[in-house]
Each structure stands twice: as structure tokens, then as C-alpha cells.
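Have a look at target_11.txt; it's compact mmCIF, C-alpha atoms:
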# COMPACT_ATOMS: atom_id res chain seq x y z
CA MET H 1 224.67 67.00 -17.73
CA LYS H 2 221.58 67.92 -19.69
CA LYS H 3 219.10 66.09 -17.54
CA LEU H 4 220.45 67.62 -14.35
CA VAL H 5 217.84 70.33 -14.81
CA SER H 6 214.99 67.98 -14.11
CA ALA H 7 216.82 66.47 -11.15
CA VAL H 8 217.43 69.73 -9.37
CA SER H 9 214.50 71.32 -7.62
CA ILE H 10 215.72 74.72 -6.62
CA ALA H 11 212.73 76.05 -4.72
CA ALA H 12 208.98 75.77 -4.62
CA ALA H 13 207.60 78.09 -7.23
CA SER H 14 206.04 81.25 -5.99
CA ALA H 15 204.02 83.73 -7.98
CA LEU H 16 205.25 84.35 -11.49
CA VAL H 17 206.92 87.71 -11.56
CA LEU H 18 206.85 89.37 -14.92
CA SER H 19 208.42 92.73 -15.49
CA ALA H 20 207.19 93.90 -18.84
CA CYS H 21 209.36 96.74 -19.95
CA GLY H 22 207.87 97.47 -23.31
CA SER H 23 206.44 100.73 -24.55
CA GLY H 24 203.71 100.91 -21.91
CA ASP H 25 205.79 100.21 -18.79
CA SER H 26 209.23 101.52 -19.52
CA GLY H 27 208.80 104.53 -21.72
CA SER H 28 210.71 102.90 -24.57
CA SER H 29 210.14 104.27 -28.01
CA GLU H 30 206.95 103.12 -29.66
CA SER H 31 208.91 103.03 -32.90
CA ALA H 32 211.16 100.24 -31.60
CA ASP H 33 210.80 97.35 -34.02
CA TYR H 34 212.93 94.82 -32.16
CA MET H 35 212.07 93.21 -28.85
CA ALA H 36 214.71 91.46 -26.77
CA CYS H 37 213.56 89.48 -23.75
CA MET H 38 215.25 87.75 -20.83
CA VAL H 39 214.29 85.11 -18.27
CA SER H 40 216.30 84.92 -15.06
CA ASP H 41 217.14 81.80 -13.18
CA SER H 42 216.03 81.46 -9.56
CA GLY H 43 218.65 83.88 -8.24
CA GLY H 44 216.62 86.85 -9.46
CA TRP H 45 217.69 90.17 -10.96
CA ASP H 46 219.28 91.48 -7.78
CA ASP H 47 221.63 88.53 -7.26
CA GLN H 48 224.71 90.79 -7.53
CA SER H 49 225.98 88.15 -9.92
CA PHE H 50 225.16 86.79 -13.38
CA ASN H 51 221.40 87.51 -13.50
CA GLN H 52 222.08 91.12 -12.62
CA SER H 53 224.84 91.30 -15.23
CA GLY H 54 222.49 89.93 -17.88
CA LYS H 55 219.85 92.52 -16.99
CA GLU H 56 222.48 95.27 -17.23
CA GLY H 57 223.21 94.11 -20.78
CA MET H 58 219.51 94.41 -21.61
CA GLU H 59 219.39 97.92 -20.16
CA ALA H 60 222.44 98.94 -22.17
CA ALA H 61 220.88 97.59 -25.37
CA LYS H 62 217.65 99.43 -24.68
CA LYS H 63 219.58 102.67 -24.19
CA ASN H 64 222.11 102.28 -27.00
CA LEU H 65 220.13 100.35 -29.62
CA GLY H 66 216.59 101.65 -29.09
CA ILE H 67 215.02 98.22 -28.60
CA GLU H 68 212.06 97.15 -26.53
CA GLU H 69 212.83 94.83 -23.62
CA LYS H 70 210.78 92.39 -21.59
CA LEU H 71 212.00 90.69 -18.41
CA ALA H 72 210.71 87.70 -16.45
CA GLU H 73 212.10 86.82 -13.03
CA SER H 74 211.98 83.15 -12.00
CA ALA H 75 211.37 82.24 -8.37
CA GLY H 76 212.17 78.56 -9.01
CA ASP H 77 212.77 76.06 -11.78
CA SER H 78 209.03 75.50 -12.30
CA ASP H 79 208.84 79.12 -13.49
CA PHE H 80 211.27 78.60 -16.36
CA LYS H 81 208.85 77.14 -18.91
CA PRO H 82 205.90 79.51 -18.28
CA ASN H 83 208.27 82.48 -18.32
CA VAL H 84 209.83 81.46 -21.63
CA ASP H 85 206.40 80.60 -23.07
CA ASN H 86 205.25 84.10 -22.17
CA MET H 87 208.16 85.55 -24.13
CA VAL H 88 207.31 83.43 -27.15
CA GLN H 89 203.66 84.47 -26.98
CA ALA H 90 204.75 88.11 -26.73
CA GLY H 91 206.61 87.71 -30.03
CA CYS H 92 210.07 88.45 -28.66
CA ASN H 93 212.56 88.55 -31.50
CA LEU H 94 215.29 87.28 -29.18
CA THR H 95 214.86 85.58 -25.81
CA PHE H 96 217.74 84.99 -23.39
CA GLY H 97 217.77 82.37 -20.66
CA VAL H 98 220.19 83.18 -17.85
CA GLY H 99 222.06 80.16 -16.61
CA PHE H 100 222.74 76.47 -17.21
CA LEU H 101 219.48 75.45 -15.57
CA LEU H 102 217.46 77.00 -18.41
CA GLU H 103 219.17 74.87 -21.06
CA ASP H 104 216.30 72.43 -21.63
CA THR H 105 213.64 75.14 -21.62
CA ILE H 106 215.44 77.45 -24.05
CA GLN H 107 216.41 74.60 -26.35
CA GLU H 108 212.87 73.24 -26.49
CA ALA H 109 211.46 76.70 -27.17
CA ALA H 110 213.99 77.33 -29.94
CA GLU H 111 213.28 74.02 -31.63
CA ALA H 112 209.52 74.67 -31.47
CA ASN H 113 209.72 78.30 -32.69
CA THR H 114 212.18 78.43 -35.55
CA ASP H 115 211.00 81.90 -36.60
CA LEU H 116 212.33 83.41 -33.35
CA ASN H 117 215.85 83.61 -31.94
CA PHE H 118 217.10 82.52 -28.54
CA ALA H 119 220.29 82.73 -26.51
CA LEU H 120 221.51 80.88 -23.44
CA ILE H 121 223.97 82.36 -20.94
CA ASP H 122 226.45 79.98 -19.33
CA SER H 123 225.71 76.81 -21.27
CA THR H 124 225.80 75.19 -24.67
CA PHE H 125 223.07 72.90 -26.01
CA SER H 126 223.06 69.11 -25.96
CA ASP H 127 221.01 66.06 -26.91
CA ALA H 128 219.42 63.57 -24.52
CA ASP H 129 222.77 61.79 -24.12
CA GLY H 130 224.63 64.99 -23.28
CA ASN H 131 226.34 65.31 -26.66
CA PRO H 132 226.79 68.87 -27.97
CA VAL H 133 224.32 70.00 -30.63
CA THR H 134 223.82 73.15 -32.66
CA VAL H 135 220.38 74.76 -32.68
CA ASP H 136 220.21 77.04 -35.72
CA ASN H 137 218.22 79.79 -34.01
CA ALA H 138 219.87 79.63 -30.58
CA LYS H 139 223.22 81.06 -29.50
CA PRO H 140 225.22 79.92 -26.45
CA LEU H 141 227.04 82.65 -24.52
CA VAL H 142 229.73 80.86 -22.52
CA PHE H 143 232.80 81.98 -20.64
CA ASN H 144 236.17 80.35 -20.06
CA THR H 145 236.29 81.55 -16.47
CA ALA H 146 238.99 78.99 -15.63
CA GLU H 147 241.49 81.43 -17.17
CA ALA H 148 240.63 84.31 -14.86
CA ALA H 149 240.05 82.02 -11.87
CA TYR H 150 243.59 80.69 -12.38
CA LEU H 151 244.91 84.19 -11.80
CA ALA H 152 242.62 84.60 -8.78
CA GLY H 153 243.88 81.34 -7.29
CA TYR H 154 247.44 82.54 -7.70
CA VAL H 155 246.70 85.81 -5.89
CA ALA H 156 244.67 84.05 -3.19
CA ALA H 157 247.56 81.71 -2.42
CA ALA H 158 250.03 84.59 -2.45
CA THR H 159 248.04 86.66 0.04
CA SER H 160 246.95 83.88 2.39
CA GLU H 161 248.52 84.20 5.81
CA SER H 162 247.28 80.84 7.05
CA GLY H 163 248.55 78.84 4.09
CA LYS H 164 245.02 77.62 3.37
CA VAL H 165 242.45 78.91 0.89
CA GLY H 166 238.99 77.57 0.11
CA THR H 167 236.18 77.44 -2.40
CA PHE H 168 232.68 76.00 -2.69
CA GLY H 169 229.99 75.97 -5.34
CA GLY H 170 226.23 76.29 -5.57
CA ILE H 171 225.40 73.25 -7.71
CA GLN H 172 227.96 70.94 -9.31
CA ILE H 173 227.45 72.00 -12.91
CA PRO H 174 230.06 72.98 -15.54
CA SER H 175 229.54 76.74 -15.23
CA VAL H 176 230.41 76.43 -11.53
CA THR H 177 233.19 73.83 -11.47
CA ILE H 178 235.10 75.62 -14.24
CA PHE H 179 235.82 78.42 -11.74
CA MET H 180 236.92 75.91 -9.12
CA ASP H 181 239.22 74.08 -11.55
CA GLY H 182 240.98 77.27 -12.58
CA PHE H 183 241.29 78.43 -8.98
CA SER H 184 242.81 75.08 -8.01
CA ASP H 185 245.41 75.26 -10.77
CA GLY H 186 246.27 78.84 -9.87
CA VAL H 187 247.01 77.83 -6.28
CA LYS H 188 249.12 74.94 -7.57
CA LYS H 189 251.06 77.25 -9.91
CA TYR H 190 251.78 79.68 -7.07
CA ASN H 191 253.17 76.84 -5.00
CA GLU H 192 255.38 75.67 -7.87
CA ASP H 193 256.71 79.15 -8.64
CA ASN H 194 257.40 80.11 -5.05
CA LYS H 195 258.24 76.78 -3.38
CA LYS H 196 255.22 77.06 -1.09
CA ASP H 197 252.58 74.59 0.03
CA VAL H 198 249.32 76.53 0.24
CA LYS H 199 246.42 74.09 0.65
CA LEU H 200 243.10 74.33 -1.19
CA LEU H 201 240.03 73.30 0.80
CA GLY H 202 236.59 72.60 -0.66
CA TRP H 203 237.54 71.25 -4.09
CA ASN H 204 239.62 68.38 -5.46
CA LYS H 205 240.10 68.97 -9.17
CA GLU H 206 241.44 65.51 -9.93
CA LYS H 207 238.47 63.79 -8.28
CA GLN H 208 235.98 66.53 -9.30
CA ASP H 209 234.71 66.40 -5.76
CA GLY H 210 234.04 69.17 -3.27
CA SER H 211 231.65 71.32 -1.27
CA PHE H 212 228.35 72.59 -2.69
CA SER H 213 225.45 74.43 -1.10
CA GLY H 214 222.90 72.63 -3.30
CA ASP H 215 221.29 75.74 -4.80
CA PHE H 216 221.85 79.40 -5.61
CA GLU H 217 219.53 80.92 -3.00
CA ASN H 218 220.24 79.62 0.48
CA GLN H 219 222.50 82.24 2.00
CA GLY H 220 222.38 80.46 5.34
CA GLN H 221 223.96 77.41 3.76
CA GLY H 222 226.63 79.62 2.20
CA GLN H 223 227.32 81.08 5.62
CA GLU H 224 227.62 77.61 7.16
CA LEU H 225 229.96 76.28 4.45
CA THR H 226 232.16 79.34 4.83
CA LYS H 227 232.31 78.94 8.59
CA GLN H 228 233.42 75.34 8.05
CA LEU H 229 236.21 76.43 5.70
CA ILE H 230 237.29 79.14 8.14
CA SER H 231 237.32 76.63 11.01
CA GLN H 232 239.68 74.52 8.91
CA GLY H 233 242.02 77.48 8.52
CA ALA H 234 241.05 79.04 5.16
CA ASP H 235 241.52 82.82 5.11
CA VAL H 236 240.76 83.46 1.41
CA ILE H 237 237.55 81.89 0.07
CA MET H 238 235.90 81.90 -3.37
CA PRO H 239 232.15 81.12 -3.31
CA VAL H 240 230.83 80.20 -6.77
CA ALA H 241 227.16 80.26 -5.91
CA GLY H 242 225.43 83.47 -6.93
CA PRO H 243 223.45 85.03 -4.03
CA VAL H 244 224.63 82.21 -1.74
CA GLY H 245 227.95 84.05 -1.84
CA LEU H 246 226.36 86.82 0.21
CA GLY H 247 226.07 84.35 3.07
CA ALA H 248 229.74 83.57 2.60
CA ALA H 249 230.52 87.27 2.77
CA ALA H 250 228.59 87.66 6.02
CA ALA H 251 230.53 84.80 7.59
CA ALA H 252 233.86 86.14 6.34
CA LYS H 253 233.15 89.62 7.66
CA GLU H 254 232.17 88.26 11.05
CA ALA H 255 235.34 86.16 11.25
CA LYS H 256 237.72 89.07 10.60
CA ASP H 257 240.93 88.74 8.59
CA VAL H 258 239.17 86.57 5.99
CA LYS H 259 239.02 87.74 2.38
CA LEU H 260 236.71 86.70 -0.45
CA VAL H 261 237.20 86.25 -4.16
CA TRP H 262 233.85 87.16 -5.77
CA VAL H 263 232.66 85.77 -9.11
CA ASP H 264 230.73 86.91 -12.19
CA SER H 265 230.67 90.63 -11.33
CA ASP H 266 233.16 92.87 -9.54
CA GLY H 267 231.97 92.26 -5.99
CA TYR H 268 233.65 95.41 -4.75
CA GLU H 269 231.22 97.39 -6.90
CA SER H 270 228.16 95.12 -6.82
CA THR H 271 227.95 94.11 -3.14
CA GLU H 272 228.11 95.83 0.25
CA TYR H 273 231.14 93.74 1.20
CA GLY H 274 233.82 95.54 -0.79
CA ASP H 275 236.11 95.88 2.20
CA ILE H 276 236.67 92.10 2.37
CA ILE H 277 236.82 91.35 -1.37
CA LEU H 278 240.36 90.68 -2.55
CA THR H 279 239.41 90.56 -6.23
CA SER H 280 236.73 89.08 -8.50
CA VAL H 281 236.63 86.67 -11.43
CA VAL H 282 234.53 88.71 -13.82
CA LYS H 283 232.39 87.58 -16.73
CA GLU H 284 231.52 90.40 -19.11
CA ILE H 285 228.00 89.08 -19.53
CA ALA H 286 226.46 92.51 -20.12
CA ASN H 287 228.70 93.17 -23.12
CA ALA H 288 227.98 89.74 -24.60
CA VAL H 289 224.23 90.29 -24.21
CA GLU H 290 224.31 93.72 -25.84
CA ASP H 291 226.48 92.46 -28.71
CA THR H 292 224.12 89.54 -29.33
CA ILE H 293 221.11 91.87 -29.40
CA LYS H 294 222.94 94.14 -31.82
CA GLU H 295 223.61 91.17 -34.12
CA GLY H 296 219.95 90.20 -33.99
CA LYS H 297 218.68 93.73 -34.63
CA GLU H 298 221.00 94.02 -37.64
CA ASP H 299 219.81 90.65 -38.96
CA LYS H 300 223.23 89.12 -38.34
CA PHE H 301 222.24 86.64 -35.63
CA SER H 302 224.11 83.34 -35.74
CA ALA H 303 224.18 80.16 -33.67
CA GLU H 304 227.96 80.33 -33.38
CA PRO H 305 228.81 80.26 -29.66
CA TYR H 306 230.26 83.34 -28.03
CA VAL H 307 233.17 82.23 -25.84
CA GLY H 308 234.50 84.85 -23.44
CA THR H 309 238.25 84.57 -22.78
CA LEU H 310 241.07 86.68 -21.39
CA LYS H 311 242.13 87.36 -24.97
CA ASN H 312 238.81 88.87 -26.08
CA GLU H 313 238.24 90.42 -22.62
CA GLY H 314 235.12 88.33 -22.10
CA VAL H 315 236.52 87.30 -18.72
CA GLY H 316 239.00 89.05 -16.46
CA LEU H 317 240.38 89.65 -13.01
CA ALA H 318 238.95 92.70 -11.23
CA PRO H 319 241.22 95.26 -9.51
CA PHE H 320 242.40 94.57 -5.98
CA HIS H 321 240.75 97.78 -4.76
CA ASP H 322 241.29 98.13 -0.99
CA PHE H 323 243.83 95.30 -1.00
CA ASP H 324 246.00 96.75 -3.77
CA SER H 325 248.77 97.80 -1.40
CA LYS H 326 248.72 94.36 0.26
CA VAL H 327 249.36 92.42 -2.94
CA PRO H 328 253.15 92.41 -3.42
CA ASP H 329 254.50 93.95 -6.62
CA LYS H 330 256.24 90.66 -7.36
CA VAL H 331 252.89 88.86 -7.29
CA LYS H 332 251.26 91.48 -9.49
CA LYS H 333 254.03 91.02 -12.04
CA GLN H 334 253.74 87.24 -11.90
CA VAL H 335 249.98 87.48 -12.46
CA GLU H 336 250.41 89.84 -15.42
CA ASP H 337 253.02 87.51 -16.92
CA LEU H 338 250.70 84.52 -16.53
CA LYS H 339 247.81 86.47 -18.04
CA GLN H 340 249.90 87.31 -21.08
CA GLN H 341 251.03 83.70 -21.45
CA ILE H 342 247.38 82.59 -21.48
CA ILE H 343 246.46 85.28 -24.02
CA ASP H 344 249.42 84.32 -26.23
CA GLY H 345 248.52 80.64 -26.07
CA LYS H 346 251.73 79.67 -24.30
CA LEU H 347 249.79 78.55 -21.22
CA THR H 348 246.53 76.62 -21.35
CA VAL H 349 244.32 76.42 -18.30
CA GLU H 350 242.57 73.06 -18.48
CA SER H 351 239.16 72.10 -17.14
CA GLU H 352 236.68 69.37 -17.95
CA SER H 353 234.15 72.19 -18.25
CA THR H 354 236.07 74.44 -20.65
CA PRO H 355 233.63 75.66 -23.33
CA LYS H 356 234.46 74.54 -26.85
Let me see the structure of the file written as C-alpha cells.
Amino acid sequence: MKKLVSAVSIAAASALVLSACGSGDSGSSESADYMACMVSDSGGWDDQSFNQSGKEGMEAAKKNLGIEEKLAESAGDSDFKPNVDNMVQAGCNLTFGVGFLLEDTIQEAAEANTDLNFALIDSTFSDADGNPVTVDNAKPLVFNTAEAAYLAGYVAAATSESGKVGTFGGIQIPSVTIFMDGFSDGVKKYNEDNKKDVKLLGWNKEKQDGSFSGDFENQGQGQELTKQLISQGADVIMPVAGPVGLGAAAAAKEAKDVKLVWVDSDGYESTEYGDIILTSVVKEIANAVEDTIKEGKEDKFSAEPYVGTLKNEGVGLAPFHDFDSKVPDKVKKQVEDLKQQIIDGKLTVESESTPK
């Protein structure tokens, strides 16, 4: 998996966009003695997904912990290294990379700058052969989203009127397919519990094969993939593709009677498409970021991975919002029971991409 970064060219790099939010630009206290920094992936800070959630964690830390912050927005993968290098040169005490695609860049920077700390959202670190490694000054922040996606798949199947639900991803990487695996198993569990035969389109868990837009930016491609799923009969769709999901939302809204399951953030709150969002598979990235900064500021930073789960509330299922009255009470109870079984360890949601 590690070398996928070099194989994926997300977009031609445009001008480096640095948002320096230190004492001069942001009004932060000049007495702040700890600087936390963050580099986005190509989705940008306004992706209404995981980059935005990471930035919200930085803002919370600035407000609650009195730190300085520095942000760098990447327009494409060629921006990753210069953006991270800028953070190192600025003397950032802790630098976050947002997303799997920054793995190589963050790991290389950490290994070359052992006096500074680093963190990587949505991926662990690995050697050239893809074997997991520990980097003493770098912390992975990963999320077992399969657990929450399992619950979402169950609800999607329960509320589908066509008997078909769908999903697609941005790029076929672990932090994407883990959602799709959990969603698949949730649909399967609903069928088993209720003697139904709801079909899942767009992903075959056993074969690890399905539909992908190829990046996290092309909303037109997300719109096209969604139209294909709708034409095949899917009426609940989960895009796992960052801003590409906005294209999916546009297609779903145009089609009428099609609902979305959003990912990373609560899409009802973070997008303009709340009226078609059934629920969301949420990663509490902001909390993990703030907690990691707090550890660093208190000189308690460690390389031990943070793994968000249902049990520690690092992942979760968002409210049903406008669809609350349309989700049967029986289904709500079944979902709560399944959630508790996962928390208690009586039910394990399995995925090849489950973080260790």
C-alpha cells in the first residue's frame, strides 16, 4: 500500500497555498510557546469531510490550549513535500498530515527531524514492503470506521424501498475500503435478521472490487457514478470520496427519492444537502487532533496509535435528522443492540483494512 502514493497523481499542482495562522496573521497570543501545524491533502480545508474536521481540531486547540497554529493547503500531491518542508523550517513542534496519501511525506520528515513531532490522520506507517513500522516521533490517528459503517449499512438496507443500495469510493486505499466493508456487512446482517434480500451495488467485499472515482476532487465523476448506481436501482448510496461526494449529492437530489449516507463528518450539518442525508458515518477527527496537541504541549506525546472506535466514541453514527420518523422503531432498536454488541466485544466487524 505504501507506494500507492507515488502511483497516484491526484491533480497538477497549482500555486502553493499557505495559510500562516501564527501571531502575525491570526491574533494568537505572542506568549504561545507551542506551534501545531497541519497540511491538508488535495481535498482542501473546505471539503466538508476529513480535511475540514482536522482543521476544526486545530481551531479548537488554538482556542482551548492557547497554541499557535500554521496551516498549509495542498492543491495536489506534488504540494505535500514542500508544504511539510515549510512546516519543518518554521519549527513546528507538531505537524499533522491529513490523509493516507501523506504517509510517505510525513514519515520521511519524521525520520529526518527527530527533534520534532508528527502525526498522520487516517494511516499508520510502513516500510518499503508495506510492513507496519513504528516511528518514535510520529503518531498515527486511525479510525475503525467499519464499525459505524456496519450500522449505516443496516439502516440503509432497512430504509431502501427499491431493495438496492450502493456505495463507491474515491481511491481504493484502506481508509476508504474500510467504510465499504463495514457497510457491506451491515446490509448482509439486515438481510439475515429480517429475511430480506437487499442488494449492494458498487462493492464486493469478498473480491475487494468495486467502483472508484479515481481521486477526491472530481465532483463530476462522483455525479456520474451516482447516476449509474441510481440507474441500476440503488436508492440509498454511500460515497466514500471526500468532496467527490458532493457530486453524488447533486445527482441524488436531482433523482428524487434517493438518500445518501455521508462519511467523516455529519453531512446534515456540514453540507447543503441535509434534506437527502439519511445519516453519516462520523470520525471524530477534531477531538483526536486536539487531544494529540494537548499531549504534545504537555510533553506527553507518544507514537502509540490512536484508534477511534464505537467504544471510545472515536467513530459513530450521526442522527437521522429529517429521516428520523421514517426509520422504524424496530430498526432503531436493532441498530442500538448491534452497537452495544460491538462495544461489548460480542460482535466484531471485520475488514482487511481494520487498524491494529
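The space between atom CA of H:Gly169 and atom CA of H:Gln221 spans 11.0 Å.
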Go ahead and compute the interatomic distance for atom CA of H:Glu103 and atom CA of H:Ala152, in Å to one decimal.
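Here the two named atoms are 28.2 Å from each other.
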List as a PyMOL selection string the protein and nucleic acid residues near H:Glu298, meaning an atom at most 12 Å away when all atoms listed in the file are counted, but skip any in the same chain fewer than 2 places from it.
chain H and resi 33-34+65+67+93+291-296+300-302
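If you count all atoms listed in the file and ignore residues fewer than 4 places along the chain from H:Gly44, what sits within 9 Å of it is Ser40, Asn51, Gln52, Glu73, Ser74, Ala75 and Pro243 of chain H.
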Can you list, as a VMD selection string, every protein, DNA or RNA residue that comes within 10 Å of H:Leu116 when you count all atoms listed in the file, leaving out same-chain residues fewer than 4 positions away?
chain H and resid 88 91 to 95 109 to 112 137 to 138
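You will find atom CA of H:Val335 at 9.3 Å from atom CA of H:Tyr150.
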Within 6 Å of (232.8, 71.6, -3.3), only C-alpha atoms: residues as an mmCIF file with C-alpha atoms, keeping the file's coordinate frame?
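Saved to selection_5.cif:
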data_model
loop_
_atom_site.group_PDB
_atom_site.id
_atom_site.type_symbol
_atom_site.label_atom_id
_atom_site.label_comp_id
_atom_site.auth_asym_id
_atom_site.auth_seq_id
_atom_site.Cartn_x
_atom_site.Cartn_y
_atom_site.Cartn_z
ATOM 1 C CA PHE H 168 232.680 76.000 -2.690
ATOM 2 C CA GLY H 169 229.990 75.970 -5.340
ATOM 3 C CA GLY H 202 236.590 72.600 -0.660
ATOM 4 C CA TRP H 203 237.540 71.250 -4.090
ATOM 5 C CA GLY H 210 234.040 69.170 -3.270
ATOM 6 C CA SER H 211 231.650 71.320 -1.270
ATOM 7 C CA PHE H 212 228.350 72.590 -2.690
#
Counting all atoms listed in the file, give me one row per residue of stretch 89-162 of chain H with an atom at most 9 Å from an atom of stretch 171-192 of chain H, showing the shortest contact pair and its distance in Å to one decimal, sorted by chain then residue number, as JSON lines.
{"residue": "H:Gly99", "atom": "CA", "partner": "H:Ser175", "partner_atom": "CA", "distance": 8.3}
{"residue": "H:Phe100", "atom": "CA", "partner": "H:Ser175", "partner_atom": "CA", "distance": 7.1}
{"residue": "H:Asp122", "atom": "CA", "partner": "H:Ser175", "partner_atom": "CA", "distance": 6.1}
{"residue": "H:Ser123", "atom": "CA", "partner": "H:Ser175", "partner_atom": "CA", "distance": 7.2}
{"residue": "H:Val142", "atom": "CA", "partner": "H:Ser175", "partner_atom": "CA", "distance": 8.4}
{"residue": "H:Phe143", "atom": "CA", "partner": "H:Ser175", "partner_atom": "CA", "distance": 8.2}
{"residue": "H:Asn144", "atom": "CA", "partner": "H:Ile178", "partner_atom": "CA", "distance": 7.6}
{"residue": "H:Thr145", "atom": "CA", "partner": "H:Phe179", "partner_atom": "CA", "distance": 5.7}
{"residue": "H:Ala146", "atom": "CA", "partner": "H:Gly182", "partner_atom": "CA", "distance": 4.0}
{"residue": "H:Glu147", "atom": "CA", "partner": "H:Gly182", "partner_atom": "CA", "distance": 6.2}
{"residue": "H:Ala148", "atom": "CA", "partner": "H:Gly182", "partner_atom": "CA", "distance": 7.4}
{"residue": "H:Ala149", "atom": "CA", "partner": "H:Phe183", "partner_atom": "CA", "distance": 4.8}
{"residue": "H:Tyr150", "atom": "CA", "partner": "H:Gly186", "partner_atom": "CA", "distance": 4.1}
{"residue": "H:Leu151", "atom": "CA", "partner": "H:Gly186", "partner_atom": "CA", "distance": 5.8}
{"residue": "H:Ala152", "atom": "CA", "partner": "H:Phe183", "partner_atom": "CA", "distance": 6.3}
{"residue": "H:Gly153", "atom": "CA", "partner": "H:Phe183", "partner_atom": "CA", "distance": 4.2}
{"residue": "H:Tyr154", "atom": "CA", "partner": "H:Gly186", "partner_atom": "CA", "distance": 4.4}
{"residue": "H:Val155", "atom": "CA", "partner": "H:Val187", "partner_atom": "CA", "distance": 8.0}
{"residue": "H:Ala156", "atom": "CA", "partner": "H:Val187", "partner_atom": "CA", "distance": 7.3}
{"residue": "H:Ala157", "atom": "CA", "partner": "H:Val187", "partner_atom": "CA", "distance": 5.5}
{"residue": "H:Ala158", "atom": "CA", "partner": "H:Tyr190", "partner_atom": "CA", "distance": 7.0}
Selection near H:Gly57, 12 Å with only C-alpha atoms, sequence-local residues under 2 positions removed, as an NGL selection string
:H and (36-38 or 45 or 50-55 or 59-65 or 69 or 71 or 96 or 98 or 121 or 283-294)
Please produce a file of those selected residues containing C-alpha atoms, as a PDB file, in the coordinates of the input.
ATOM      1  CA  ALA H  36     214.710  91.460 -26.770  1.00  0.00           C
ATOM      2  CA  CYS H  37     213.560  89.480 -23.750  1.00  0.00           C
ATOM      3  CA  MET H  38     215.250  87.750 -20.830  1.00  0.00           C
ATOM      4  CA  TRP H  45     217.690  90.170 -10.960  1.00  0.00           C
ATOM      5  CA  PHE H  50     225.160  86.790 -13.380  1.00  0.00           C
ATOM      6  CA  ASN H  51     221.400  87.510 -13.500  1.00  0.00           C
ATOM      7  CA  GLN H  52     222.080  91.120 -12.620  1.00  0.00           C
ATOM      8  CA  SER H  53     224.840  91.300 -15.230  1.00  0.00           C
ATOM      9  CA  GLY H  54     222.490  89.930 -17.880  1.00  0.00           C
ATOM     10  CA  LYS H  55     219.850  92.520 -16.990  1.00  0.00           C
ATOM     11  CA  GLU H  59     219.390  97.920 -20.160  1.00  0.00           C
ATOM     12  CA  ALA H  60     222.440  98.940 -22.170  1.00  0.00           C
ATOM     13  CA  ALA H  61     220.880  97.590 -25.370  1.00  0.00           C
ATOM     14  CA  LYS H  62     217.650  99.430 -24.680  1.00  0.00           C
ATOM     15  CA  LYS H  63     219.580 102.670 -24.190  1.00  0.00           C
ATOM     16  CA  ASN H  64     222.110 102.280 -27.000  1.00  0.00           C
ATOM     17  CA  LEU H  65     220.130 100.350 -29.620  1.00  0.00           C
ATOM     18  CA  GLU H  69     212.830  94.830 -23.620  1.00  0.00           C
ATOM     19  CA  LEU H  71     212.000  90.690 -18.410  1.00  0.00           C
ATOM     20  CA  PHE H  96     217.740  84.990 -23.390  1.00  0.00           C
ATOM     21  CA  VAL H  98     220.190  83.180 -17.850  1.00  0.00           C
ATOM     22  CA  ILE H 121     223.970  82.360 -20.940  1.00  0.00           C
ATOM     23  CA  LYS H 283     232.390  87.580 -16.730  1.00  0.00           C
ATOM     24  CA  GLU H 284     231.520  90.400 -19.110  1.00  0.00           C
ATOM     25  CA  ILE H 285     228.000  89.080 -19.530  1.00  0.00           C
ATOM     26  CA  ALA H 286     226.460  92.510 -20.120  1.00  0.00           C
ATOM     27  CA  ASN H 287     228.700  93.170 -23.120  1.00  0.00           C
ATOM     28  CA  ALA H 288     227.980  89.740 -24.600  1.00  0.00           C
ATOM     29  CA  VAL H 289     224.230  90.290 -24.210  1.00  0.00           C
ATOM     30  CA  GLU H 290     224.310  93.720 -25.840  1.00  0.00           C
ATOM     31  CA  ASP H 291     226.480  92.460 -28.710  1.00  0.00           C
ATOM     32  CA  THR H 292     224.120  89.540 -29.330  1.00  0.00           C
ATOM     33  CA  ILE H 293     221.110  91.870 -29.400  1.00  0.00           C
ATOM     34  CA  LYS H 294     222.940  94.140 -31.820  1.00  0.00           C
TER      35      LYS H 294
END
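With only C-alpha atoms as the basis for measurement, H:Pro140 is the residue among H:Gly166, H:Pro140, H:Gly220, H:Pro355 that approaches H:Glu304 most closely.
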Return as a tab-separated table the residues of stretch 265-308 of chain H lying at most 7 Å from stretch 312-319 of chain H, together with the closest atom-to-atom pair for each and the distance in Å to one decimal, counting all atoms listed in the file, with rows in chain order and ascending residue number.
residue	atom	partner	partner_atom	distance
H:Asp266	CA	H:Ala318	CA	6.0
H:Thr279	CA	H:Ala318	CA	5.5
H:Ser280	CA	H:Ala318	CA	5.0
H:Val281	CA	H:Leu317	CA	5.0
H:Val282	CA	H:Gly316	CA	5.2
H:Lys283	CA	H:Val315	CA	4.6
H:Glu284	CA	H:Gly314	CA	5.1
H:Gly308	CA	H:Gly314	CA	3.8
Missing atoms in stretch 96-107 of chain H: can you complete it with N, CA and C atoms, as an mmCIF file, in the frame of the given file?
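Okay, out_18.cif is ready:
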data_model
loop_
_atom_site.group_PDB
_atom_site.id
_atom_site.type_symbol
_atom_site.label_atom_id
_atom_site.label_comp_id
_atom_site.auth_asym_id
_atom_site.auth_seq_id
_atom_site.Cartn_x
_atom_site.Cartn_y
_atom_site.Cartn_z
ATOM 1 N N PHE H 96 216.603 85.532 -24.124
ATOM 2 C CA PHE H 96 217.740 84.990 -23.390
ATOM 3 C C PHE H 96 217.254 84.189 -22.190
ATOM 4 N N GLY H 97 217.910 83.075 -21.936
ATOM 5 C CA GLY H 97 217.770 82.370 -20.660
ATOM 6 C C GLY H 97 219.075 82.558 -19.913
ATOM 7 N N VAL H 98 218.978 82.915 -18.633
ATOM 8 C CA VAL H 98 220.190 83.180 -17.850
ATOM 9 C C VAL H 98 220.535 81.940 -17.022
ATOM 10 N N GLY H 99 221.569 81.246 -17.429
ATOM 11 C CA GLY H 99 222.060 80.160 -16.610
ATOM 12 C C GLY H 99 221.831 78.772 -17.183
ATOM 13 N N PHE H 100 222.725 77.867 -16.791
ATOM 14 C CA PHE H 100 222.740 76.470 -17.210
ATOM 15 C C PHE H 100 221.391 75.791 -16.981
ATOM 16 N N LEU H 101 220.713 76.148 -15.909
ATOM 17 C CA LEU H 101 219.480 75.450 -15.570
ATOM 18 C C LEU H 101 218.343 75.718 -16.552
ATOM 19 N N LEU H 102 218.488 76.727 -17.404
ATOM 20 C CA LEU H 102 217.460 77.000 -18.410
ATOM 21 C C LEU H 102 217.760 76.320 -19.747
ATOM 22 N N GLU H 103 218.788 75.483 -19.784
ATOM 23 C CA GLU H 103 219.170 74.870 -21.060
ATOM 24 C C GLU H 103 218.005 74.144 -21.729
ATOM 25 N N ASP H 104 217.383 73.214 -21.028
ATOM 26 C CA ASP H 104 216.300 72.430 -21.630
ATOM 27 C C ASP H 104 215.165 73.322 -22.125
ATOM 28 N N THR H 105 214.782 74.285 -21.287
ATOM 29 C CA THR H 105 213.640 75.140 -21.620
ATOM 30 C C THR H 105 213.919 75.990 -22.847
ATOM 31 N N ILE H 106 215.093 76.605 -22.892
ATOM 32 C CA ILE H 106 215.440 77.450 -24.050
ATOM 33 C C ILE H 106 215.583 76.603 -25.309
ATOM 34 N N GLN H 107 216.219 75.446 -25.181
ATOM 35 C CA GLN H 107 216.410 74.600 -26.350
ATOM 36 C C GLN H 107 215.072 74.112 -26.914
#
